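Quick notes on the structure that follows.
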Amino acid sequence: MAEFFQQVVSGLGSGAIYAALALALVLIHRATGVINFAQGEMAMFTTYVAWALITNHGWDYWPAFVGTLVIAFLLGVGIHTVVIRPVERASVLTVVIMTIGLVLTFNGLASLIWSAEVRAFPSPFPNDTWQIGDVAISQQDVGTFAIVLALVTLLWAFFQFTKTGLALRASAVNPDASRLVGVRVGWMLAIGWGLAAALGAVSGMLAAPTLFLDPNMMQATLIYAFAAAVLGGIDSPFGAVVGGLILGVGLNLIGNYIDFVGAGLKLPVALLVILVVLLVRPAGIFGTPVTRRV
Amino acid sequence: MKRGELIRIGLFVLACIAILLLPRFISDFRAQQFAYVGIYFIALLGLNLLTGFTGQISLGHGAFMLIGGYTTAILISNQTPPLELFGHQFTSDMRDIWTIPIAGLVAGVAGFLFGFPALRLTGLYLALATFAIAVAAPAVVRRFADFTGGGGGINLFDVSGRTKAEVVTDPVTFESRELGVDVLGITIPSFNEWLYYLCWTLALVLLGVAWFLLRGRFGRSLRAVRDSELAAASSGVDLARYKTLAFGISAFYAGVAGSLLAIATTFVNPDTFPITLSIFLLVGVVVGGLGSLWPLVFGAIFIHFMQIEWAQSAERIVPNFVPLLGGIDTDLPGAPAVAFGVILILIMLASPGGAAALLRRLGAAITDAYGRYRARRTEAAS
């Protein structure tokens with residue numbers, strides 16, 4: 001039983017990382033109706049920025065963490081303005097291709113600037129465990145979980161209690177009406193992209209100590225985040241977080257207790273989750289079903 | 001037959017002759033590279049049938065190529081210990097070229113079956129599901145190592161089923177020389193040229209098939225599905241039937257391409273078909289032009305040569321202004337990806353129709369200029 005609890009806690013740790021990236025996907029999907037295939041690569045790229053700040057420029061961890069969030073935010077705003085906005089009204093295919101272009105660009109840029117070597121990334125938490133009875137809880141996992149929880153709460157408060165948050169929500173729900181009452185919708189959507197990029201950076205920086213930093217680091221995490229977002233409902237921020245945690249814990253348990261799956265088939269299981277949810281309940285657990293007018 | 005179609009068939013015949021004669025003018029190495037272009041061309045035809053003509057986004061066509069490639073590799077493999085499925089041991093079961101249609105069919109059936117769940121997925125969700133498939137497929141291959149060779153892959157270089165050109169060494173000069181490959185009584189001078197002719201014969205046949213499929217009722221239905229599912233369904237187009245068929249045919253093309261890729265590289269492992277392959281295929285379709293057929297050649301040339309050569313010349317240009325960013329690696333492994341990504345974005349912003357649209361514009365300009373020239377001549381004559 002002790003092992004079971006240990007697996008659950010470590011699942012919550014990785015689940016928090018999926019949740020952060022899934023939340024980023026949901027933010028962008030709500031704001032601009034796009035699934036950002038480059039979310040993982042942007043996260044990877046900004047994690048490299050953090051690494052460069054710490055290793056090459058001698059910053060401490062937390063200043064580098066905050067600095068990276070700011071840079072990621074600006075990056076997100078910039079990408080929306082330069083790449084996504086011009087194709088706002090184009091077909092889904094066009095926008096998907098745009099984000100695929102971003103995937104290639106960021107993946108290439110990372111190995112171009114920092115080379116494709118695998119690197120270690122520091123963790124802000126000690127590599128120790130707390131003993132509670134028989135259960136050894138890794139402080140890494142608890143710390144990761146706590147950071148994501150804190151940031152999600154902060155983000156929720158921002159959306160719920162500030163004027164900008166209200167404007168952001170309004171632009172996502174009804175851009176035309178928002179424009180009529182004087183909300184600068186273009187800017188709001190760009191801020192949405194910025195926030196999403198910052199969230200992605202968080203997930204990247206929290207994943208890097210265990211996954212190690214390399215240009216393909218976030219590919220699998222992105223699929224897990226897709227699965228989490230789809231599971232929770234692609235238009236529900238709450239769902240994304242819950243979906244991420246369910247997926248983290250679930251995959252950890254399946255990988256450990258079902259020999260057929262093991263470590264090797266976790267990714268296909270996530271794919272299966274995506275397919276089954278999309279086929280059985282496309283709105284996910286917490287999403288609102290889409291009705292099409294015919 | 002309309003005049004336009006006659007001109008098209010004439011141009012097609014000319015293209016066939018050009019392709020037939022090309023190896024006489026280029027080196028053996030280049031012939032091999034153009035063989036790869038032919039392989040990509042086949043895959044792009046398949047993807048465009050689905051994405052460009054039917055409007056169903058696939059970010060996972062590399063997975064169908066993987067199925068085709070592995071079908072061929074497993075059927076001609078002779079591993080120790082042999083690969084095994086349901087008690088059958090694969091030991092040089094077939095010759096390489098006969099596995100190509102089987103590879104196409106296996107991939108095609110897989111695509112057709114995937115078409116059913118895909119029916120309920122539209123737009124973004126389909127892109128997402130296919131993307132996940134392409135990422136997950138190599139993991140599945142690694143997991144079932146008894147049947148697929150796992151991460152170590154399948155080496156086909158020495159198997160008896162592979163077409164080879166025998167190499168002899170001159171006893172005096174010690175230079176080695178290929179004896180050539182016999183096909184239907186004609187000796188083709190080298191393995192690479194044989195590969196070139198194999199790939200391009202299939203590419204031309206499949207181009208013809210695609211053109212034939214798309215010119216009539218079937219093609220019209222596919223385009224109707226793309227332009228408006230609602231309108232198509234209301235005019236009696238069976239959405240389920242056409243979408244699953246498009247998936248199946250498209251995957252058949254990808255399977256043939258994957259099979260040829262396995263024959264060309266004489267080795268397959270999960271990394272032969274990475275997620276980037278699927279993405280490059282999409283890039284190729286965009287460069288060639290969504291909803292076009294023969295201009296996809298430009299897409300194929302683009303993705304092949306960008307990967308191996310042009311990116312290296314980009315290396316010579318890039319370092320001059322990159323030092324702004326600090327800490328530059330000299331061999332620049334990411335240059336091709338950056339070039340691909342930036343060009344993809346620029347094309348979508350500037351000319352979403354790709355090479356096909358540019359050519360059409362060029363053609364229109366020429367016809368226009370010719371018309372004006374004719375008008376001026378008649379004016380001058382009268």
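Ligands are numbered from 1 in the order shown, chains are lettered A, B, ... in the order of the structure tokens, and residues start at 1 in each chain.
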
Inset, instruction - Compute the set of chain B residues within 9 Å of chain A, using only C-alpha atoms, and express it as an NGL selection string. - result: :B and (51 or 55-57 or 117-118 or 120-121 or 123-125 or 127-129 or 131-133 or 135-137 or 139-140 or 142-143 or 230 or 276 or 279 or 282-283 or 286 or 322 or 325-345 or 348-349 or 352)

Legend entry - Backbone DSSP call of strand (DSSP E) for segment 55-211 of chain B, listed as a list in words: Leu83, Glu84, Leu85, His88, Gln89, Phe90, Ile154, Asn155, Val167, Val168, Thr169, Ser176, Arg177, Glu178, Val181, Asp182, Val183, Ile186, Thr187 and Ile188 of chain B

Legend entry - Close residues, segment 149-166 of chain A itself excluded, 8 Å, only C-alpha atoms, min 3 positions apart in chain, as a ChimeraX atom specification: /A:16,20,145-146,169-170

I need the chosen residues saved as a compact mmCIF listing (two decimals), in the first residue's frame, with C-alpha atoms.
```txt
# COMPACT_ATOMS: atom_id res chain seq x y z
CA ALA A 16 0.92 19.14 -12.21
CA ALA A 20 0.20 23.62 -16.46
CA PHE A 145 2.60 20.45 -7.27
CA ALA A 146 2.62 23.43 -4.91
CA ARG A 169 -12.90 36.60 -20.59
CA ALA A 170 -15.23 38.84 -22.52
```

Legend entry - Exercise: Val135 of chain A partners within 9 Å, only C-alpha atoms, chain neighbours under 2 positions left out, as a count of residues only: 11

Inset, instruction - Excluding Leu21 of chain B and any residue of its chain fewer than 5 positions from it, enumerate the residues within 12 Å of it, using only C-alpha atoms, and give them as a ChimeraX atom specification. - result: /B:14-16,26,31,193,196-197,200

Legend entry - alpha helix (DSSP H) positions in segment 43-229 of chain A, given as a ChimeraX atom specification: /A:43-55,61-79,92-114,139-161,163-173,175-180,185-211,219-229

Write the residues you've just listed into a file as a compact mmCIF listing (two decimals), in the first residue's frame, and include C-alpha atoms for each of them.
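In the end it all went to part_4.txt:
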```
# COMPACT_ATOMS: atom_id res chain seq x y z
CA ALA A 43 7.90 25.82 -23.30
CA MET A 44 11.13 24.03 -24.18
CA PHE A 45 12.59 27.18 -25.72
CA THR A 46 11.82 29.36 -22.71
CA THR A 47 13.26 26.68 -20.41
CA TYR A 48 16.48 27.04 -22.37
CA VAL A 49 16.27 30.79 -21.75
CA ALA A 50 16.03 30.07 -18.02
CA TRP A 51 18.97 27.68 -18.30
CA ALA A 52 21.04 30.32 -20.11
CA LEU A 53 20.17 32.93 -17.46
CA ILE A 54 21.26 30.58 -14.67
CA THR A 55 24.30 28.95 -16.24
CA TYR A 61 17.11 30.27 -9.56
CA TRP A 62 14.12 32.39 -8.53
CA PRO A 63 15.11 35.62 -10.32
CA ALA A 64 15.74 33.49 -13.42
CA PHE A 65 12.35 31.83 -12.96
CA VAL A 66 10.53 35.17 -12.82
CA GLY A 67 12.67 36.65 -15.60
CA THR A 68 11.82 33.68 -17.82
CA LEU A 69 8.12 34.15 -17.14
CA VAL A 70 8.38 37.77 -18.31
CA ILE A 71 10.34 36.79 -21.43
CA ALA A 72 7.87 33.99 -22.18
CA PHE A 73 4.96 36.39 -21.79
CA LEU A 74 6.52 38.82 -24.28
CA LEU A 75 7.28 35.94 -26.63
CA GLY A 76 3.66 34.81 -26.54
CA VAL A 77 2.37 38.33 -27.21
CA GLY A 78 4.86 38.71 -30.05
CA ILE A 79 3.90 35.41 -31.67
CA VAL A 92 -8.44 25.98 -39.37
CA LEU A 93 -5.89 24.29 -41.62
CA THR A 94 -4.01 27.55 -42.15
CA VAL A 95 -3.77 28.25 -38.43
CA VAL A 96 -2.67 24.67 -37.69
CA ILE A 97 0.03 24.97 -40.32
CA MET A 98 1.16 28.24 -38.75
CA THR A 99 1.62 26.62 -35.36
CA ILE A 100 3.41 23.70 -37.02
CA GLY A 101 5.76 26.27 -38.56
CA LEU A 102 6.39 27.54 -35.04
CA VAL A 103 7.11 23.99 -33.83
CA LEU A 104 9.85 23.61 -36.43
CA THR A 105 11.23 27.11 -35.84
CA PHE A 106 11.55 26.82 -32.07
CA ASN A 107 12.86 23.26 -32.18
CA GLY A 108 15.51 24.31 -34.70
CA LEU A 109 16.36 27.56 -32.93
CA ALA A 110 16.99 25.74 -29.67
CA SER A 111 19.53 23.39 -31.19
CA LEU A 112 20.92 26.22 -33.30
CA ILE A 113 21.58 28.47 -30.32
CA TRP A 114 22.25 26.03 -27.51
CA GLN A 139 9.98 16.92 -2.00
CA GLN A 140 10.45 17.54 -5.72
CA ASP A 141 6.97 16.27 -6.46
CA VAL A 142 5.37 18.20 -3.62
CA GLY A 143 7.19 21.39 -4.62
CA THR A 144 6.18 21.04 -8.28
CA PHE A 145 2.60 20.45 -7.27
CA ALA A 146 2.62 23.43 -4.91
CA ILE A 147 4.05 25.84 -7.51
CA VAL A 148 1.50 24.86 -10.13
CA LEU A 149 -1.33 25.08 -7.62
CA ALA A 150 -0.20 28.54 -6.49
CA LEU A 151 0.10 29.83 -10.05
CA VAL A 152 -3.25 28.41 -11.09
CA THR A 153 -4.90 30.07 -8.11
CA LEU A 154 -3.19 33.34 -8.97
CA LEU A 155 -4.34 33.08 -12.56
CA TRP A 156 -7.88 32.27 -11.49
CA ALA A 157 -7.91 35.33 -9.19
CA PHE A 158 -6.59 37.46 -12.04
CA PHE A 159 -9.34 36.31 -14.38
CA GLN A 160 -12.02 36.57 -11.72
CA PHE A 161 -11.25 39.76 -9.83
CA LYS A 163 -10.79 44.38 -14.87
CA THR A 164 -8.25 43.05 -17.37
CA GLY A 165 -9.30 39.54 -16.44
CA LEU A 166 -12.91 40.40 -17.13
CA ALA A 167 -11.97 41.95 -20.47
CA LEU A 168 -9.96 38.83 -21.34
CA ARG A 169 -12.90 36.60 -20.59
CA ALA A 170 -15.23 38.84 -22.52
CA SER A 171 -13.01 38.86 -25.63
CA ALA A 172 -12.83 35.09 -25.57
CA VAL A 173 -16.58 34.61 -25.23
CA PRO A 175 -15.18 39.32 -29.43
CA ASP A 176 -17.65 41.44 -31.41
CA ALA A 177 -19.71 42.52 -28.44
CA SER A 178 -16.54 43.20 -26.45
CA ARG A 179 -15.24 45.42 -29.22
CA LEU A 180 -18.50 47.35 -29.14
CA VAL A 185 -9.87 42.57 -28.28
CA GLY A 186 -6.65 42.19 -30.29
CA TRP A 187 -4.58 43.11 -27.25
CA MET A 188 -6.60 40.88 -24.99
CA LEU A 189 -6.05 37.88 -27.24
CA ALA A 190 -2.33 38.68 -27.38
CA ILE A 191 -2.26 38.81 -23.56
CA GLY A 192 -3.99 35.41 -23.57
CA TRP A 193 -1.17 34.05 -25.72
CA GLY A 194 1.37 35.69 -23.42
CA LEU A 195 -0.14 34.11 -20.31
CA ALA A 196 -0.25 30.75 -22.04
CA ALA A 197 3.41 31.01 -23.02
CA ALA A 198 4.30 31.89 -19.41
CA LEU A 199 2.36 28.87 -18.14
CA GLY A 200 4.17 26.72 -20.68
CA ALA A 201 7.47 28.08 -19.39
CA VAL A 202 6.47 27.04 -15.88
CA SER A 203 5.73 23.51 -17.03
CA GLY A 204 9.01 23.38 -18.94
CA MET A 205 11.08 24.61 -16.01
CA LEU A 206 9.41 22.17 -13.63
CA ALA A 207 9.76 19.24 -16.04
CA ALA A 208 13.40 19.90 -16.95
CA PRO A 209 15.07 18.67 -13.71
CA THR A 210 13.65 15.15 -14.24
CA LEU A 211 13.38 15.01 -18.06
CA GLN A 219 7.19 16.42 -27.18
CA ALA A 220 5.79 13.65 -25.00
CA THR A 221 4.65 16.15 -22.36
CA LEU A 222 2.71 17.99 -25.05
CA ILE A 223 0.82 14.81 -25.95
CA TYR A 224 0.03 14.24 -22.27
CA ALA A 225 -1.12 17.85 -22.04
CA PHE A 226 -3.34 17.35 -25.11
CA ALA A 227 -4.81 14.29 -23.48
CA ALA A 228 -5.32 16.19 -20.21
CA ALA A 229 -6.98 19.13 -21.95
```
